[in-house]
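protein_18.txt follows; it contains compact mmCIF, C-alpha atoms.
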# COMPACT_ATOMS: atom_id res chain seq x y z
CA MET U 198 -22.82 16.37 52.40
CA ASP U 199 -20.95 14.41 55.05
CA ASN U 200 -17.27 13.51 55.03
CA LEU U 201 -17.84 9.96 53.72
CA GLU U 202 -19.71 11.24 50.66
CA LEU U 203 -16.95 13.78 50.04
CA ILE U 204 -14.31 11.05 50.26
CA ASP U 205 -16.25 8.92 47.74
CA ILE U 206 -16.44 11.84 45.27
CA VAL U 207 -12.72 12.54 45.60
CA GLU U 208 -11.86 8.86 45.13
CA GLU U 209 -14.05 8.63 42.02
CA GLN U 210 -12.42 11.72 40.54
CA GLU U 211 -8.93 10.43 41.31
CA LEU U 212 -9.80 7.06 39.74
CA ALA U 213 -11.10 8.78 36.60
CA ASN U 214 -7.91 10.86 36.39
CA MET U 215 -5.75 7.76 36.81
CA GLU U 216 -7.65 5.92 34.06
CA GLU U 217 -7.17 8.88 31.72
CA GLU U 218 -3.45 9.05 32.52
CA ILE U 219 -3.09 5.29 31.93
CA LYS U 220 -4.86 5.61 28.57
CA THR U 221 -2.59 8.50 27.54
CA LEU U 222 0.49 6.55 28.65
CA GLU U 223 -0.59 3.46 26.71
CA GLU U 224 -1.06 5.58 23.56
CA LYS U 225 2.42 7.09 23.98
CA ILE U 226 3.95 3.63 24.51
CA SER U 227 2.20 2.37 21.34
CA GLU U 228 3.49 5.37 19.34
CA LEU U 229 7.02 4.76 20.65
CA GLU U 230 6.79 1.07 19.76
CA ILE U 231 5.72 1.90 16.18
CA SER U 232 8.50 4.48 15.78
CA CYS U 233 11.04 1.88 16.95
CA LEU U 234 9.70 -0.60 14.38
CA LEU U 235 10.08 1.92 11.55
CA ASN U 236 13.84 1.66 11.61
CA GLY U 237 14.45 -0.01 8.25
CA GLU U 238 16.99 1.50 5.90
CA ASN U 239 14.28 2.65 3.48
CA ASP U 240 11.35 3.22 5.86
CA LYS U 241 11.62 7.03 5.73
CA LEU U 242 11.44 7.11 1.93
CA ASN U 243 8.54 8.02 -0.32
CA CYS U 244 7.10 5.14 -2.30
CA TYR U 245 5.28 3.88 -5.36
CA LEU U 246 2.16 1.74 -4.92
CA GLU U 247 0.95 -0.45 -7.79
CA ILE U 248 -2.27 -2.45 -8.08
CA HIS U 249 -2.89 -5.22 -10.62
CA PRO U 250 -6.08 -7.30 -10.87
CA GLY U 251 -5.80 -11.07 -10.82
CA ALA U 252 -7.65 -13.60 -12.96
CA GLY U 253 -11.36 -13.00 -13.00
CA GLY U 254 -11.94 -10.28 -15.55
CA THR U 255 -14.42 -7.57 -14.54
CA GLU U 256 -14.66 -8.77 -10.94
CA SER U 257 -10.92 -8.43 -10.31
CA CYS U 258 -10.72 -5.12 -12.19
CA ASP U 259 -13.49 -3.73 -9.99
CA TRP U 260 -11.68 -4.99 -6.88
CA ALA U 261 -8.49 -3.24 -8.08
CA SER U 262 -10.51 -0.03 -8.38
CA MET U 263 -11.85 -0.45 -4.82
CA LEU U 264 -8.30 -0.94 -3.53
CA SER U 265 -7.08 2.16 -5.37
CA ARG U 266 -9.79 4.21 -3.68
CA MET U 267 -8.89 2.70 -0.30
CA TYR U 268 -5.25 3.77 -0.60
CA ILE U 269 -6.17 7.22 -1.93
CA ARG U 270 -8.45 7.73 1.08
CA PHE U 271 -5.67 6.44 3.39
CA CYS U 272 -3.34 9.12 2.01
CA GLU U 273 -5.98 11.82 2.40
CA ASN U 274 -6.83 10.72 5.95
CA ASN U 275 -3.18 10.78 7.03
CA GLY U 276 -1.95 13.91 5.27
CA TYR U 277 0.20 12.15 2.65
CA GLN U 278 0.62 13.80 -0.74
CA TYR U 279 0.02 11.60 -3.76
CA ASP U 280 0.02 11.63 -7.54
CA ILE U 281 -1.69 9.10 -9.77
CA ILE U 282 1.09 8.10 -12.14
CA GLU U 283 -0.93 5.68 -14.23
CA SER U 284 -4.50 4.42 -14.26
CA GLN U 285 -6.00 2.22 -16.98
CA LYS U 286 -9.67 1.37 -17.10
CA GLY U 287 -10.88 -2.21 -17.40
CA GLU U 288 -12.90 -3.21 -20.44
CA GLU U 289 -16.24 -3.16 -18.61
CA ALA U 290 -15.49 -1.67 -15.19
CA GLY U 291 -12.71 -1.10 -12.71
CA LEU U 292 -9.00 -0.85 -13.43
CA LYS U 293 -6.55 -2.95 -15.44
CA SER U 294 -3.60 -1.30 -13.69
CA PHE U 295 -2.94 1.53 -11.27
CA THR U 296 0.21 3.24 -9.99
CA MET U 297 0.42 6.07 -7.48
CA TYR U 298 3.36 7.97 -6.02
CA ILE U 299 3.04 8.69 -2.29
CA LYS U 300 5.06 11.33 -0.50
CA GLY U 301 5.37 11.86 3.26
CA ILE U 302 7.24 10.85 6.40
CA TYR U 303 7.66 7.06 6.67
CA THR U 304 5.31 6.35 3.75
CA TYR U 305 7.30 3.29 2.67
CA GLY U 306 7.70 2.13 6.27
CA TYR U 307 3.96 2.18 6.81
CA LEU U 308 2.90 0.78 3.44
CA LYS U 309 5.64 -1.77 2.67
CA ASN U 310 3.67 -4.62 4.24
CA GLU U 311 0.70 -3.95 1.96
CA SER U 312 2.59 -5.78 -0.79
CA GLY U 313 0.90 -9.06 -1.57
CA VAL U 314 -2.38 -10.53 -2.77
CA HIS U 315 -5.60 -9.06 -1.41
CA ARG U 316 -8.73 -11.28 -1.54
CA LEU U 317 -12.32 -10.06 -1.76
CA VAL U 318 -15.48 -12.15 -1.15
CA ARG U 319 -18.84 -10.55 -1.98
CA ILE U 320 -22.11 -10.82 -3.88
CA SER U 321 -21.11 -9.70 -7.35
CA PRO U 322 -22.83 -6.56 -8.65
CA PHE U 323 -22.06 -7.89 -12.16
CA ASP U 324 -23.81 -11.25 -11.66
CA SER U 325 -27.52 -11.18 -12.54
CA ASN U 326 -28.01 -14.26 -10.34
CA ALA U 327 -26.51 -12.45 -7.32
CA ARG U 328 -23.99 -15.19 -6.61
CA ARG U 329 -21.02 -14.88 -4.30
CA HIS U 330 -17.66 -14.31 -6.03
CA THR U 331 -14.04 -14.32 -4.86
CA SER U 332 -11.69 -11.81 -6.49
CA PHE U 333 -7.96 -11.23 -6.18
CA ALA U 334 -5.70 -8.25 -6.81
CA SER U 335 -2.01 -7.78 -6.10
CA VAL U 336 -0.41 -4.75 -4.49
CA LEU U 337 3.28 -3.90 -4.84
CA VAL U 338 4.91 -1.14 -2.80
CA THR U 339 8.47 -0.04 -3.62
CA PRO U 340 10.54 2.75 -2.06
CA GLU U 341 11.71 5.76 -4.03
CA TYR U 342 15.44 5.60 -3.48
CA ASN U 343 16.61 9.13 -2.76
CA GLN U 344 20.24 8.64 -3.75
CA GLU U 345 21.48 8.95 -7.32
CA ILE U 346 20.88 5.57 -8.88
CA ASN U 347 23.76 4.51 -11.07
CA ILE U 348 22.03 2.00 -13.30
CA GLU U 349 23.18 1.61 -16.89
CA ILE U 350 20.26 1.18 -19.26
CA LYS U 351 20.95 0.44 -22.91
CA GLU U 352 18.63 2.08 -25.42
CA SER U 353 18.49 -1.25 -27.30
CA ASP U 354 17.05 -2.90 -24.16
CA LEU U 355 14.00 -0.62 -24.16
CA LYS U 356 10.67 -0.88 -25.95
CA ILE U 357 8.89 2.48 -25.72
CA ASP U 358 5.21 2.82 -26.59
CA VAL U 359 3.19 6.04 -26.68
CA TYR U 360 -0.57 5.78 -26.27
CA HIS U 361 -3.70 7.76 -25.44
CA SER U 362 -4.46 7.93 -21.75
CA SER U 363 -7.49 5.87 -20.78
CA GLY U 364 -7.40 6.66 -17.08
CA ALA U 365 -10.43 7.08 -14.86
CA GLY U 366 -9.54 10.71 -14.16
CA GLY U 367 -8.67 12.14 -10.79
CA GLN U 368 -5.70 13.96 -9.35
CA SER U 369 -3.05 14.84 -11.95
CA VAL U 370 -4.28 12.39 -14.62
CA ASN U 371 -3.76 13.60 -18.16
CA THR U 372 -6.00 12.73 -21.12
CA SER U 373 -3.76 13.67 -24.07
CA ASN U 374 -1.85 11.37 -26.43
CA SER U 375 1.29 11.61 -24.31
CA ALA U 376 1.14 8.54 -22.09
CA VAL U 377 4.33 6.48 -22.18
CA ARG U 378 4.92 2.78 -21.55
CA ILE U 379 8.51 1.50 -21.28
CA THR U 380 9.35 -2.20 -21.31
CA HIS U 381 12.83 -3.25 -20.17
CA LEU U 382 13.32 -6.29 -22.41
CA PRO U 383 15.99 -8.18 -20.39
CA THR U 384 13.94 -8.14 -17.15
CA LYS U 385 10.42 -7.77 -18.63
CA ILE U 386 9.80 -4.89 -16.22
CA VAL U 387 7.08 -2.56 -17.51
CA VAL U 388 6.52 0.99 -16.28
CA THR U 389 3.95 3.50 -17.47
CA CYS U 390 3.29 7.18 -16.83
CA GLN U 391 0.43 9.39 -17.98
CA ASN U 392 0.09 12.12 -15.36
CA GLU U 393 2.44 14.67 -16.93
CA ARG U 394 1.39 17.09 -19.67
CA SER U 395 3.99 16.19 -22.26
CA GLN U 396 5.36 12.99 -23.73
CA MET U 397 8.88 14.02 -22.72
CA GLN U 398 7.89 14.57 -19.08
CA ASN U 399 6.07 11.24 -18.96
CA LYS U 400 9.12 9.50 -20.44
CA GLU U 401 11.40 11.10 -17.83
CA GLN U 402 9.09 9.98 -15.00
CA ALA U 403 8.82 6.48 -16.46
CA MET U 404 12.62 6.21 -16.77
CA LYS U 405 12.94 7.31 -13.15
CA MET U 406 10.53 4.55 -12.10
CA LEU U 407 12.39 2.01 -14.24
CA LYS U 408 15.74 2.90 -12.66
CA ASN U 409 14.08 2.60 -9.27
CA LYS U 410 12.79 -0.90 -10.06
CA LEU U 411 16.11 -2.04 -11.53
CA TYR U 412 17.95 -0.72 -8.50
CA GLU U 413 15.63 -2.63 -6.18
CA LEU U 414 16.14 -5.75 -8.31
CA GLU U 415 19.90 -5.44 -7.80
CA LEU U 416 19.38 -5.02 -4.05
CA LYS U 417 17.27 -8.18 -3.94
CA LYS U 418 19.93 -10.12 -5.86
CA LEU U 419 22.53 -8.93 -3.35
CA GLU U 420 20.25 -9.85 -0.43
CA ASN U 421 19.67 -13.34 -1.85
CA LYS U 422 23.41 -13.79 -2.34
CA MET U 423 24.04 -12.73 1.28
CA ASN U 424 21.39 -15.18 2.50
CA ASP U 425 23.06 -17.97 0.53
CA LEU U 426 26.41 -17.09 2.11
CA LYS U 427 24.78 -17.20 5.54
CA GLY U 428 23.25 -20.56 4.78
CA THR U 429 19.70 -19.27 5.23
CA ILE U 430 16.74 -19.33 2.92
CA GLU U 431 14.45 -16.33 2.85
CA ASN U 432 11.49 -16.19 0.51
CA ILE U 433 10.58 -12.70 -0.58
CA ASP U 434 7.13 -13.60 -1.79
CA PHE U 435 4.73 -10.93 -2.99
CA GLY U 436 2.40 -13.58 -4.38
CA SER U 437 1.03 -14.89 -1.10
CA GLN U 438 -2.43 -13.92 0.12
CA ILE U 439 -1.96 -11.46 2.95
CA ARG U 440 -5.47 -10.24 3.72
CA SER U 441 -9.11 -11.22 3.14
CA TYR U 442 -11.98 -8.75 2.83
CA VAL U 443 -15.30 -10.60 3.28
CA LEU U 444 -18.57 -8.76 2.56
CA GLU U 445 -20.80 -11.85 2.25
CA PRO U 446 -22.13 -13.97 3.96
CA TYR U 447 -20.76 -11.91 6.88
CA LYS U 448 -18.58 -8.83 7.18
CA MET U 449 -14.97 -9.42 8.23
CA ILE U 450 -11.47 -8.31 7.33
CA LYS U 451 -8.64 -10.51 8.52
CA ASP U 452 -4.92 -10.03 8.04
CA ASN U 453 -3.31 -13.45 7.69
CA ARG U 454 0.05 -12.32 9.13
CA SER U 455 -0.96 -10.53 12.32
CA GLY U 456 -4.34 -12.20 12.84
CA TYR U 457 -5.96 -8.76 13.12
CA GLU U 458 -9.73 -8.89 12.55
CA THR U 459 -12.45 -6.28 12.25
CA SER U 460 -16.10 -6.40 11.15
CA ASN U 461 -16.02 -2.72 10.13
CA VAL U 462 -15.22 -3.52 6.51
CA LEU U 463 -16.63 -0.33 4.99
CA LYS U 464 -14.54 1.84 7.31
CA VAL U 465 -11.35 0.04 6.23
CA LEU U 466 -12.29 0.28 2.55
CA ASP U 467 -12.70 4.01 3.17
CA GLY U 468 -9.02 4.25 4.10
CA ASP U 469 -8.98 3.47 7.83
CA LEU U 470 -5.93 1.19 7.60
CA LEU U 471 -3.66 2.34 10.42
CA SER U 472 -4.76 -0.28 12.96
CA ILE U 473 -4.18 -3.12 10.49
CA ILE U 474 -0.86 -1.70 9.30
CA GLU U 475 0.41 -1.24 12.86
CA SER U 476 -0.67 -4.76 13.83
CA VAL U 477 1.49 -6.17 11.01
CA LEU U 478 4.43 -3.94 11.97
CA LYS U 479 4.24 -5.21 15.56
CA THR U 480 3.97 -8.83 14.43
CA ARG U 481 6.94 -8.48 12.08
CA GLY U 482 8.90 -6.76 14.86
CA LYS U 483 8.54 -9.84 17.06
CA GLN U 484 9.77 -12.25 14.40
Structure encoded using C-alpha cells:
Amino acid sequence: MDNLELIDIVEEQELANMEEEIKTLEEKISELEISCLLNGENDKLNCYLEIHPGAGGTESCDWASMLSRMYIRFCENNGYQYDIIESQKGEEAGLKSFTMYIKGIYTYGYLKNESGVHRLVRISPFDSNARRHTSFASVLVTPEYNQEINIEIKESDLKIDVYHSSGAGGQSVNTSNSAVRITHLPTKIVVTCQNERSQMQNKEQAMKMLKNKLYELELKKLENKMNDLKGTIENIDFGSQIRSYVLEPYKMIKDNRSGYETSNVLKVLDGDLLSIIESVLKTRGKQ
C-alpha cells in the first residue's frame, strides 16, 4: 500500500467520523429544540385523553377503537404509564367513548396538540360492497392539574348514574355494577369512571375528573376575558380537522397544521407518533 492509498483511507475514515458527529449533533439540537418548546405552564403535567366517535355509526365507533389502540401503543412505546378510566363498546363494533389517564414526564406537553378531529378514509370492513368510507372521531386532551382545585360543586347540580361496565376489557377495566357517570347539569359536562373496584372509588375518580374539567373551563373563561382586554381574538377550536389518515386509494397520513406527511400509515397507527407530534410542536413554536 503506497502513501496515496493510505491518505485516501484516512480521509474516508475522517469523513465517516465527521458525518457521524454531525448526525449526533443534529439529534441533540432537535432534542434541545423540543425541550425548549415544552415550556408551557401545564406541559409537565399528567393528562386525560378522551376519544368520541363522530356521526357515522359503526364506522366512526371502529375508528375510535383504532385511535384508542394507537394512543395505548404510543404510551407503551414511550414508557408512559396509563389507566383506562372508561371504555364503552359500540352497538356493533368499536367504541362509543373512551377515556384514559396518562402519567409521565411532559405527557400533556407532548399530547396536547392531539386534541381535534381525526379523519379516516378506507375501504369499510363493514360494507359488503367494499366501498370507500370517511369516518371522524374527536380527541380531547386535558392536563391533570396538580394543585388543589378549589371548585365549589353543588350536590343539586349533579346527576349521578350507576351502571354495569360494558368496556372492551384491558388494563384496569372493571366489569362489576360499579361504573359511575356524573353529569354536571349547569355545564352539561359528563364524566364517567369504571376502572376502580368499588362504586365509591369510581365516584371519587369521576369527581376528580369533573373538578379538573371545571377548573379548565374557568381558565378558558379567564383566557378569553384577557384576550378581549387585549383586543385580540383567539379561537380555541377542538372541532377542526387536524389530521387525515388515508388507507385507500393510497396510503398517507397528513397533519394539516405542520404539513407533515408519511406513507407508513400502519406504523403510525401502531403508536409511532413522535415525529408527527414533534412536527406540530415545532410549527406551533414558530407561530
Using all atoms listed in the file, collect all residues at a distance of at most 12 Å from (12.3, -1.9, -10.9) as written in the file, then present them as a CSV table (one decimal) with C-alpha atoms, in the coordinates of the input.
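Output contents, as saved in selection.csv:
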chain,number,residue,atom,x,y,z
U,245,TYR,CA,5.3,3.9,-5.4
U,247,GLU,CA,1.0,-0.4,-7.8
U,337,LEU,CA,3.3,-3.9,-4.8
U,338,VAL,CA,4.9,-1.1,-2.8
U,339,THR,CA,8.5,0.0,-3.6
U,340,PRO,CA,10.5,2.8,-2.1
U,341,GLU,CA,11.7,5.8,-4.0
U,342,TYR,CA,15.4,5.6,-3.5
U,346,ILE,CA,20.9,5.6,-8.9
U,348,ILE,CA,22.0,2.0,-13.3
U,350,ILE,CA,20.3,1.2,-19.3
U,379,ILE,CA,8.5,1.5,-21.3
U,380,THR,CA,9.4,-2.2,-21.3
U,381,HIS,CA,12.8,-3.2,-20.2
U,383,PRO,CA,16.0,-8.2,-20.4
U,384,THR,CA,13.9,-8.1,-17.2
U,385,LYS,CA,10.4,-7.8,-18.6
U,386,ILE,CA,9.8,-4.9,-16.2
U,387,VAL,CA,7.1,-2.6,-17.5
U,388,VAL,CA,6.5,1.0,-16.3
U,389,THR,CA,4.0,3.5,-17.5
U,403,ALA,CA,8.8,6.5,-16.5
U,404,MET,CA,12.6,6.2,-16.8
U,405,LYS,CA,12.9,7.3,-13.2
U,406,MET,CA,10.5,4.6,-12.1
U,407,LEU,CA,12.4,2.0,-14.2
U,408,LYS,CA,15.7,2.9,-12.7
U,409,ASN,CA,14.1,2.6,-9.3
U,410,LYS,CA,12.8,-0.9,-10.1
U,411,LEU,CA,16.1,-2.0,-11.5
U,412,TYR,CA,18.0,-0.7,-8.5
U,413,GLU,CA,15.6,-2.6,-6.2
U,414,LEU,CA,16.1,-5.8,-8.3
U,415,GLU,CA,19.9,-5.4,-7.8
U,416,LEU,CA,19.4,-5.0,-4.0
U,417,LYS,CA,17.3,-8.2,-3.9
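Minimum atom-to-atom distance to Ser375 in chain U, evaluated using all atoms listed in the file, belongs to U:Val359 out of U:Val359, U:Met263, U:Cys272, U:Cys258.
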Residues within 9 Å of Ile474 in chain U, all atoms listed in the file, excluding chain neighbours under 4 positions, as a PDB file with C-alpha atoms, keeping the file's coordinate frame:
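Below is the file that was written, around.pdb:
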ATOM      1  CA  TYR U 307       3.960   2.180   6.810  1.00  0.00           C
ATOM      2  CA  LEU U 308       2.900   0.780   3.440  1.00  0.00           C
ATOM      3  CA  ASN U 310       3.670  -4.620   4.240  1.00  0.00           C
ATOM      4  CA  GLU U 311       0.700  -3.950   1.960  1.00  0.00           C
ATOM      5  CA  LEU U 470      -5.930   1.190   7.600  1.00  0.00           C
ATOM      6  CA  LEU U 478       4.430  -3.940  11.970  1.00  0.00           C
ATOM      7  CA  LYS U 479       4.240  -5.210  15.560  1.00  0.00           C
TER       8      LYS U 479
END
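A straight line drawn from CA of Ile320 in chain U to CA of Arg266 in chain U is 19.4 Å long.
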Exercise. With all atoms listed in the file as the atoms that count, which of U:Thr459, U:Ser262, U:Thr255, U:Thr296 lies nearest to Asn392 in chain U?
Worked result: U:Thr296
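Picture a line from CA of Ile357 in chain U to CA of Arg378 in chain U; it runs 5.8 Å.
Here CA of Asp354 in chain U and CA of Met397 in chain U stand 18.8 Å from one another.
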Exercise. Can you tell me, as JSON, numbers by chain, which residues sit within 12 Å of (-6.6, 9.5, 0.8) in the file's frame, using all atoms listed in the file?
Worked result: {"U": [264, 265, 266, 267, 268, 269, 270, 271, 272, 273, 274, 275, 276, 277, 278, 279, 280, 281, 297, 299, 300, 368, 465, 466, 467, 468, 469, 470]}
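Minimum atom-to-atom distances from U:Gln210, U:Ser441, U:Ser335, U:Asn347 to Gly313 in chain U were compared using all atoms listed in the file, and the lowest value belongs to U:Ser335.
Minimum distance to Gly287 in chain U across U:Ser257, U:Asn421, U:Ser325, U:Thr331 (counting all atoms listed in the file) occurs at U:Ser257.
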Exercise. Can you tell me, as an MDAnalysis selection string, what residues are no more than 8 Å from Ile439 in chain U when counting all atoms listed in the file, ignoring any on the same chain fewer than 4 positions away?
Worked result: chainID U and resid 313:315 452:454
For this session: For Leu242 in chain U, list every protein, DNA or RNA residue within 8 Å, evaluated using all atoms listed in the file, and leave out those in the same chain fewer than 4 positions away; present the list as a ChimeraX atom specification.
Result: /U:301-306,340-343
For this session: Name all residues at most 10 Å from Gly456 in chain U (count only C-alpha atoms; drop same-chain ones fewer than 3 positions away) and give them as a list in words.
Result: Arg440, Ile450, Lys451, Asp452, Asn453, Ile473, Ser476, Val477 and Thr480 of chain U
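You can rank U:Ser455, U:Leu246, U:Asn461, U:Asp324 by their closest distance to Arg481 in chain U using only C-alpha atoms, and at the top of that list sits U:Ser455.
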